Amino acid sequence: MNDPRQIAAGIVGAVDWQTEVSGFCRCPGESLHTHPTGKKDCRVSVDGAPTIYCFHSSCEAAVAGANRALRRAIGGSPWEIVLPGGKILRSGDILQSSGVVLPREVIRARATGSGLNLVEQMDLESLRVLALRFKPELFEKFHWPFAQILADSPLLVADRDADEQFRTWLRLWPAHSTVWIGDVYSSGKPEHRTHFRPVAEWYQIGPVMGNFTCGSAFKPGSFQRSNANCDGTRFLVVESDTLSKDEIGAVFGYLNNRLHFNLHAIIDTAGKSLHGWFDAPNNRQIETRLKAVLHVFGCDPKLFTYSQPVRVPGAYRDGRLQRIVWLKN
Amino acid sequence: MEIKTYSPLDQVDPAVDLGAIQADLADWHYIEDIAANPHPKPTELIAGLLHQGCKMILGGTSKSNKSWCLLDMAMSVASGQDWWGRRCIKAPVIYINLELQPWAIDERLALLCHARPECKFDPKMLAIWNLRGKSADMSVLRPRLEKKLAGTKFGLIIIDPAYKVLGDRDENANGEIASLMNEFEELAQSTGAAIVIAHHFAKGDSTAKSAMDRMSGAGVWIRDPDAIMVLTPHEEPDCFTVSCILRNLPHQPEFVVSLDFPLMRVASDLNPAALRRPQSKNKVCSDKEFLDAIITVEGKTFSRIVADAKDILNASRNTAGRALKRLESAGLVKNGGGLYWRSPTSPTSLKE
């Protein structure tokens with residue numbers, strides 16, 4: 001039976017295996033790199049959907065070609081690897097970072113459960129594993145600490161007062177949008193209609209109706225912060241309960257630099273985290289995959305709930321101002 | 001961290017980025033969609049020659065005044081004045097100078113400004129970026145150029161010369177030059193500007209080759225650009241035949257430019273086919289000398305021309321016949337009713 005690692009080594013050259021199925025290798029398009037190449041810039045994985053991933057983008061075409069060759073070669077015949085401890089990993093299975101083997105039958109069952117086809121489910125499972133393997137490099141390559149975020153802001157906004165913070169944030173919205181501002185429970189009853197107002201009204205009122213808002217705009221006349229009442233205007237607000245202010249900047253940088261998500265603002269919640277306000281995903285498939293990846297990176301999966309409350313700039317939390325610390329010019 | 005602005009349509013699928021799946025190819029379009037939504041045609045930055053967002057190569061022998069021509073082009077576009085008789089759309093221009101010393105380019109610009117007083121432009125319309133001594137592989141240079149150019153909307157980027165940004169590439173290797181051309185293409189895409197690059201001829205007699213084969217190196221130099229202008233030495237001193245090879249625009253006839261220091265001006269009285277060849281130093285006379293000395297506005301018979309050519313230029317009947325044929329095909333001499341006369345479009349007082 002074939003050994004997929006030997007097949008991979010035949011395509012990418014020597015591999016510095018970090019696990020039984022994944023390791024660092026020389027990028028097939030290294031000569032095309034426009035920035036210095038690091039030892040950990042290119043990784044090859046042979047489980048799930050066999051993949052070569054390189055951190056650089058200039059080598060994209062060469063890597064895509066090598067990926068095709070790798071999948072054709074490994075997918076051509078079934079294989080098995082005996083893992084330490086005697087567990088067997090077969091072609092189509094995925095070795096998770098915990099060491100647990102996710103059998104292809106489970107992937108098939110999950111696909112049935114989630115309404116995805118087997119290929120889509122396999123892609124999603126592979127994506128989770130690839131994201132996890134990439135995670136250490138993410139925080140290394142896209143390191144963007146809080147102090148640097150403040151320094152890099154095209155507009156100096158962090159020192160503005162509460163009213164100005166709030167009004168600056170309001171300008172992110174289209175003028176006609178109906179925006180919710182309140183506290184978490186200011187929703188669900190007709191008397192909560194006062195928390196759903198057009199941007200122009202909020203501009204006059206100021207940040208006095210609560211500490212929270214939402215990344216989505218609502219239909220005029222709404223009084224309930226539900227997904228059904230969202231009007232389609234939406235930001236993706238990236239947040240994390242586990243990543244520090246010095247760590248989450250890497251996720252923001254990755255989203256912009258690699259995935260080309262437009263970053264509008266970064267908000268300091270006056271707690272331990274930062275919120276990045278991005279354009280929402282432009283289609284459902286990207287959204288599903290992004291959700292899987294960001295969850296692996298340590299972000300809050302609730303961010304994909306359209307009506308999820310998030311901190312509004314200009315309000316105070318325990319005496320500290322929730323403020324914009326980075327704003328696009 | 002550099003944060004860039006993107007359209008939501010630019011978003012990249014994380015599964016593609018992390019390599020879990022292959023990127024989808026763009027959708028194809030049916031003819032009815034194309035008819036209903038044709039792609040907008042870019043502006044012709046230089047009429048008949050160069051579209052916005054396209055790439056042009058200006059090729060010529062060493063010391064064929066390519067830099068002078070390109071500086072003149074830069075001034076013409078920056079001021080919206082004609083360049084070699086072709087209308088230019090006014091647009092901001094940056095001239096990336098990798099070859100000349102800064103003082104030399106300053107001096108050339110001053111001379112050109114003096115010679116072309118009609119070129120009046122806002123000082124911000126023309127930028128000179130002196131990078132002599134900073135030459136690097138274009139793959140390394142491009143991200144840095146893009147970073148510096150970000151936020152400034154140039155319509156035309158001139159890179160002079162190409163060999164300074166080759167890096168380790170072999171100019172004779174198609175694969176390596178294709179990657180260089182891809183870098184220029186990326187620069188055009190990311191900036192939206194037209195890119196003009198100066199390139200040199202191979203050594204030796206270039207006239208033995210067709211215009212598009214005169215440039216040095218791999219075939220990609222010719223295949224990739226959308227427009228190619230080739231300056232080939234003319235038999236008249238300080239004159240060059242300009243051949244245009246265009247992908248998206250109609251064919252342009254060859255013409256001659258002549259040095260009227262510091263400018264290269266179109267010389268419509270010269271035959272573009274009369275290239276300087278190694279054997280041409282043995283010629284009895286140049287076509288221009290023949291035209292000036294023998295052909296009149298009133299007209300002469302063929303036998304009269306042969307006799308005058310013998311007397312004045314000591315040229316044989318065959319030499320006179322060939323010169324006459326060349327000048328006729330160039331439109332500088334007309335023939336009818338047994339007479340040959342100077343074309344009315346051909347100036348009577350010829351410049352030397």
# chains A, B, ... in the order shown; residues from 1 in each chain; ligands from 1
call {"tool": "interface_residues", "arguments": {"of": "chain A", "to": "chain B", "cutoff": "8 Å", "atoms": "only C-alpha atoms", "output": "ChimeraX atom specification"}}
result
/A:32-35,49-53,64,123-124,126-127,130-131,142,144,148-149,152,253,256-263,279-282,286,289-290,293
call {"tool": "write_last_selection", "arguments": {"atoms": "C-alpha atoms", "output": "mmCIF file, in the first residue's frame"}}
result
data_model
loop_
_atom_site.group_PDB
_atom_site.id
_atom_site.type_symbol
_atom_site.label_atom_id
_atom_site.label_comp_id
_atom_site.auth_asym_id
_atom_site.auth_seq_id
_atom_site.Cartn_x
_atom_site.Cartn_y
_atom_site.Cartn_z
ATOM 1 C CA LEU A 32 8.397 33.599 -7.082
ATOM 2 C CA HIS A 33 8.317 34.853 -3.493
ATOM 3 C CA THR A 34 8.530 38.603 -3.271
ATOM 4 C CA HIS A 35 9.371 38.617 0.419
ATOM 5 C CA ALA A 49 -7.945 16.652 1.327
ATOM 6 C CA PRO A 50 -4.135 16.545 0.798
ATOM 7 C CA THR A 51 -2.897 20.122 0.719
ATOM 8 C CA ILE A 52 0.177 22.244 0.238
ATOM 9 C CA TYR A 53 -0.253 25.669 1.836
ATOM 10 C CA ALA A 64 -2.076 25.299 -6.994
ATOM 11 C CA ASP A 123 -13.570 20.436 2.720
ATOM 12 C CA LEU A 124 -14.952 21.956 5.901
ATOM 13 C CA SER A 126 -10.041 19.706 6.256
ATOM 14 C CA LEU A 127 -10.330 23.460 6.563
ATOM 15 C CA LEU A 130 -5.612 23.301 8.180
ATOM 16 C CA ALA A 131 -6.642 26.410 10.117
ATOM 17 C CA PHE A 142 0.278 38.859 11.179
ATOM 18 C CA TRP A 144 -0.421 43.367 15.173
ATOM 19 C CA GLN A 148 0.702 49.233 16.869
ATOM 20 C CA ILE A 149 -2.990 49.260 15.956
ATOM 21 C CA ASP A 152 -1.341 52.621 12.513
ATOM 22 C CA GLY A 253 -4.600 41.510 9.690
ATOM 23 C CA ASN A 256 -7.661 41.997 5.455
ATOM 24 C CA ASN A 257 -4.298 41.000 3.985
ATOM 25 C CA ARG A 258 -5.127 37.469 2.897
ATOM 26 C CA LEU A 259 -8.893 37.223 2.652
ATOM 27 C CA HIS A 260 -9.379 40.804 1.403
ATOM 28 C CA PHE A 261 -12.092 41.691 3.880
ATOM 29 C CA ASN A 262 -12.451 45.425 4.122
ATOM 30 C CA LEU A 263 -11.712 46.670 7.648
ATOM 31 C CA ASP A 279 -17.616 44.046 5.469
ATOM 32 C CA ALA A 280 -19.907 41.048 5.857
ATOM 33 C CA PRO A 281 -19.081 37.925 3.777
ATOM 34 C CA ASN A 282 -20.465 38.291 0.280
ATOM 35 C CA ILE A 286 -17.602 32.018 2.390
ATOM 36 C CA ARG A 289 -16.089 28.501 5.919
ATOM 37 C CA LEU A 290 -15.049 31.738 7.588
ATOM 38 C CA VAL A 293 -11.787 29.157 10.433
#
call {"tool": "residues_around", "arguments": {"residues": "Asn318 in chain B", "least_positions_apart": "3", "cutoff": "12 Å", "atoms": "only C-alpha atoms", "output": "NGL selection string"}}
result
:B and (284 or 302-303 or 305-307 or 309-310 or 314-315 or 321-325)
call {"tool": "select_by_dssp", "arguments": {"residues": "range 164-255 of chain B", "states": "helix (DSSP H, G or I)", "output": "VMD selection string"}}
result
chain B and resid 164 to 165 174 to 191 206 to 208 211 to 213 220 to 223
call {"tool": "closest_residue", "arguments": {"among": "B:Arg86, B:His199, B:Arg223, B:Lys148", "to": "Ala178 in chain B", "atoms": "only C-alpha atoms"}}
result
B:Arg223
call {"tool": "select_by_dssp", "arguments": {"residues": "range 105-137 of chain B", "states": "strand (DSSP E)", "output": "JSON, numbers by chain"}}
result
{"B": [126, 127, 128, 129, 130]}
call {"tool": "residues_around", "arguments": {"residues": "Ser222 in chain A", "least_positions_apart": "4", "cutoff": "8 Å", "atoms": "only C-alpha atoms", "output": "ChimeraX atom specification"}}
result
/A:193,196,218,229
call {"tool": "write_last_selection", "arguments": {"atoms": "N, CA and C atoms", "output": "mmCIF file, in the first residue's frame"}}
result
data_model
loop_
_atom_site.group_PDB
_atom_site.id
_atom_site.type_symbol
_atom_site.label_atom_id
_atom_site.label_comp_id
_atom_site.auth_asym_id
_atom_site.auth_seq_id
_atom_site.Cartn_x
_atom_site.Cartn_y
_atom_site.Cartn_z
ATOM 1 N N ARG A 193 -39.223 49.879 20.810
ATOM 2 C CA ARG A 193 -39.116 50.499 19.485
ATOM 3 C C ARG A 193 -38.188 51.724 19.512
ATOM 4 N N PHE A 196 -34.646 51.413 18.278
ATOM 5 C CA PHE A 196 -34.389 51.190 16.842
ATOM 6 C C PHE A 196 -34.645 52.516 16.124
ATOM 7 N N PHE A 218 -31.664 47.233 10.947
ATOM 8 C CA PHE A 218 -32.978 46.569 11.053
ATOM 9 C C PHE A 218 -34.013 47.274 10.182
ATOM 10 N N ASN A 229 -35.657 40.435 11.483
ATOM 11 C CA ASN A 229 -35.882 41.881 11.321
ATOM 12 C C ASN A 229 -34.693 42.609 10.692
#
call {"tool": "residues_around", "arguments": {"residues": "range 301-303 of chain A", "least_positions_apart": "3", "cutoff": "8 Å", "atoms": "only C-alpha atoms", "output": "JSON, numbers by chain"}}
result
{"A": [236, 237, 238, 239, 291, 294, 295, 306, 308]}
call {"tool": "write_last_selection", "arguments": {"atoms": "all heavy atoms", "output": "PDB file, in the first residue's frame"}}
result
ATOM      1  N   LEU A 236     -19.500  42.495   9.545  1.00  0.00           N
ATOM      2  CA  LEU A 236     -19.023  41.321  10.272  1.00  0.00           C
ATOM      3  C   LEU A 236     -18.195  41.874  11.428  1.00  0.00           C
ATOM      4  O   LEU A 236     -17.182  42.546  11.199  1.00  0.00           O
ATOM      5  CB  LEU A 236     -18.152  40.468   9.350  1.00  0.00           C
ATOM      6  CG  LEU A 236     -17.370  39.337  10.004  1.00  0.00           C
ATOM      7  CD1 LEU A 236     -18.311  38.235  10.456  1.00  0.00           C
ATOM      8  CD2 LEU A 236     -16.345  38.759   9.027  1.00  0.00           C
ATOM      9  N   VAL A 237     -18.642  41.642  12.662  1.00  0.00           N
ATOM     10  CA  VAL A 237     -17.909  42.146  13.826  1.00  0.00           C
ATOM     11  C   VAL A 237     -17.129  40.971  14.425  1.00  0.00           C
ATOM     12  O   VAL A 237     -17.720  40.026  14.955  1.00  0.00           O
ATOM     13  CB  VAL A 237     -18.861  42.762  14.871  1.00  0.00           C
ATOM     14  CG1 VAL A 237     -18.060  43.339  16.032  1.00  0.00           C
ATOM     15  CG2 VAL A 237     -19.716  43.855  14.236  1.00  0.00           C
ATOM     16  N   VAL A 238     -15.815  41.038  14.276  1.00  0.00           N
ATOM     17  CA  VAL A 238     -14.959  39.934  14.723  1.00  0.00           C
ATOM     18  C   VAL A 238     -14.515  40.198  16.156  1.00  0.00           C
ATOM     19  O   VAL A 238     -13.953  41.259  16.458  1.00  0.00           O
ATOM     20  CB  VAL A 238     -13.731  39.796  13.794  1.00  0.00           C
ATOM     21  CG1 VAL A 238     -12.805  38.696  14.291  1.00  0.00           C
ATOM     22  CG2 VAL A 238     -14.182  39.509  12.374  1.00  0.00           C
ATOM     23  N   GLU A 239     -14.793  39.256  17.024  1.00  0.00           N
ATOM     24  CA  GLU A 239     -14.429  39.422  18.436  1.00  0.00           C
ATOM     25  C   GLU A 239     -13.986  38.082  19.009  1.00  0.00           C
ATOM     26  O   GLU A 239     -14.218  37.040  18.396  1.00  0.00           O
ATOM     27  CB  GLU A 239     -15.614  39.968  19.229  1.00  0.00           C
ATOM     28  CG  GLU A 239     -16.844  39.089  19.153  1.00  0.00           C
ATOM     29  CD  GLU A 239     -17.930  39.499  20.123  1.00  0.00           C
ATOM     30  OE1 GLU A 239     -17.584  39.710  21.288  1.00  0.00           O
ATOM     31  OE2 GLU A 239     -19.099  39.562  19.715  1.00  0.00           O
ATOM     32  N   LYS A 291     -16.630  31.090   9.267  1.00  0.00           N
ATOM     33  CA  LYS A 291     -17.066  30.780  10.631  1.00  0.00           C
ATOM     34  C   LYS A 291     -16.212  29.643  11.206  1.00  0.00           C
ATOM     35  O   LYS A 291     -15.732  29.716  12.350  1.00  0.00           O
ATOM     36  CB  LYS A 291     -18.543  30.368  10.599  1.00  0.00           C
ATOM     37  CG  LYS A 291     -19.179  30.197  11.953  1.00  0.00           C
ATOM     38  CD  LYS A 291     -20.668  29.915  11.767  1.00  0.00           C
ATOM     39  CE  LYS A 291     -21.364  29.733  13.115  1.00  0.00           C
ATOM     40  NZ  LYS A 291     -22.805  29.516  12.940  1.00  0.00           N
ATOM     41  N   LEU A 294     -12.513  31.083  11.744  1.00  0.00           N
ATOM     42  CA  LEU A 294     -12.373  32.051  12.835  1.00  0.00           C
ATOM     43  C   LEU A 294     -12.590  31.376  14.197  1.00  0.00           C
ATOM     44  O   LEU A 294     -11.950  31.744  15.182  1.00  0.00           O
ATOM     45  CB  LEU A 294     -13.354  33.213  12.645  1.00  0.00           C
ATOM     46  CG  LEU A 294     -13.031  34.159  11.476  1.00  0.00           C
ATOM     47  CD1 LEU A 294     -14.021  35.310  11.403  1.00  0.00           C
ATOM     48  CD2 LEU A 294     -11.612  34.728  11.590  1.00  0.00           C
ATOM     49  N   HIS A 295     -13.475  30.406  14.225  1.00  0.00           N
ATOM     50  CA  HIS A 295     -13.694  29.679  15.471  1.00  0.00           C
ATOM     51  C   HIS A 295     -12.401  28.965  15.887  1.00  0.00           C
ATOM     52  O   HIS A 295     -11.995  28.998  17.054  1.00  0.00           O
ATOM     53  CB  HIS A 295     -14.836  28.675  15.271  1.00  0.00           C
ATOM     54  CG  HIS A 295     -15.244  27.985  16.539  1.00  0.00           C
ATOM     55  ND1 HIS A 295     -15.287  28.618  17.756  1.00  0.00           N
ATOM     56  CD2 HIS A 295     -15.634  26.708  16.785  1.00  0.00           C
ATOM     57  CE1 HIS A 295     -15.670  27.784  18.695  1.00  0.00           C
ATOM     58  NE2 HIS A 295     -15.886  26.602  18.131  1.00  0.00           N
ATOM     59  N   TYR A 306     -26.550  37.318  13.205  1.00  0.00           N
ATOM     60  CA  TYR A 306     -26.684  38.681  12.689  1.00  0.00           C
ATOM     61  C   TYR A 306     -27.120  39.687  13.750  1.00  0.00           C
ATOM     62  O   TYR A 306     -26.772  40.845  13.694  1.00  0.00           O
ATOM     63  CB  TYR A 306     -27.691  38.709  11.529  1.00  0.00           C
ATOM     64  CG  TYR A 306     -27.245  37.948  10.298  1.00  0.00           C
ATOM     65  CD1 TYR A 306     -26.034  37.271  10.263  1.00  0.00           C
ATOM     66  CD2 TYR A 306     -28.038  37.927   9.158  1.00  0.00           C
ATOM     67  CE1 TYR A 306     -25.635  36.571   9.139  1.00  0.00           C
ATOM     68  CE2 TYR A 306     -27.642  37.232   8.016  1.00  0.00           C
ATOM     69  CZ  TYR A 306     -26.434  36.550   8.025  1.00  0.00           C
ATOM     70  OH  TYR A 306     -26.038  35.860   6.912  1.00  0.00           O
ATOM     71  N   GLN A 308     -26.482  39.650  16.970  1.00  0.00           N
ATOM     72  CA  GLN A 308     -25.660  39.566  18.180  1.00  0.00           C
ATOM     73  C   GLN A 308     -25.293  40.980  18.680  1.00  0.00           C
ATOM     74  O   GLN A 308     -24.790  41.801  17.916  1.00  0.00           O
ATOM     75  CB  GLN A 308     -24.376  38.789  17.830  1.00  0.00           C
ATOM     76  CG  GLN A 308     -23.335  38.731  18.911  1.00  0.00           C
ATOM     77  CD  GLN A 308     -23.755  37.836  20.072  1.00  0.00           C
ATOM     78  OE1 GLN A 308     -24.697  37.047  19.957  1.00  0.00           O
ATOM     79  NE2 GLN A 308     -23.082  37.984  21.180  1.00  0.00           N
TER      80      GLN A 308
END
call {"tool": "residues_around", "arguments": {"residues": "Asn174 in chain B", "least_positions_apart": "3", "cutoff": "9 Å", "atoms": "only C-alpha atoms", "output": "VMD selection string"}}
result
chain B and resid 170 to 171 177 to 179 217 to 221
call {"tool": "write_last_selection", "arguments": {"atoms": "C-alpha atoms", "output": "mmCIF file, in the first residue's frame"}}
result
data_model
loop_
_atom_site.group_PDB
_atom_site.id
_atom_site.type_symbol
_atom_site.label_atom_id
_atom_site.label_comp_id
_atom_site.auth_asym_id
_atom_site.auth_seq_id
_atom_site.Cartn_x
_atom_site.Cartn_y
_atom_site.Cartn_z
ATOM 1 C CA ASP B 170 18.020 35.852 -18.159
ATOM 2 C CA GLU B 171 16.627 38.215 -20.776
ATOM 3 C CA ILE B 177 10.827 37.255 -18.979
ATOM 4 C CA ALA B 178 7.205 36.077 -18.765
ATOM 5 C CA SER B 179 7.458 36.427 -14.978
ATOM 6 C CA GLY B 217 16.209 38.634 -25.822
ATOM 7 C CA ALA B 218 13.307 36.235 -25.452
ATOM 8 C CA GLY B 219 10.217 36.216 -27.644
ATOM 9 C CA VAL B 220 8.026 37.171 -24.685
ATOM 10 C CA TRP B 221 9.392 40.720 -24.919
#
call {"tool": "atom_distance", "arguments": {"atom1": "CA of Asp47 in chain A", "atom2": "CA of Ile94 in chain A"}}
result
5.3 Å
call {"tool": "residues_around", "arguments": {"residues": "Leu259 in chain B", "least_positions_apart": "2", "cutoff": "9 Å", "atoms": "only C-alpha atoms", "output": "PyMOL selection string"}}
result
chain B and resi 65+237-240+257+261-266
call {"tool": "atom_distance", "arguments": {"atom1": "CA of Arg90 in chain A", "atom2": "CA of Glu60 in chain A"}}
result
28.7 Å
call {"tool": "residues_around", "arguments": {"residues": "Ala8 in chain A", "least_positions_apart": "3", "cutoff": "9 Å", "atoms": "only C-alpha atoms", "output": "list in words"}}
result
Asp3, Pro4, Arg5, Ile11, Val12, Gly13, Ala14, Val15, Val44, Ser45, Val46, Pro50, Leu70, Ala73 and Ile74 of chain A
call {"tool": "atom_distance", "arguments": {"atom1": "CA of His200 in chain B", "atom2": "CA of His234 in chain B"}}
result
16.3 Å
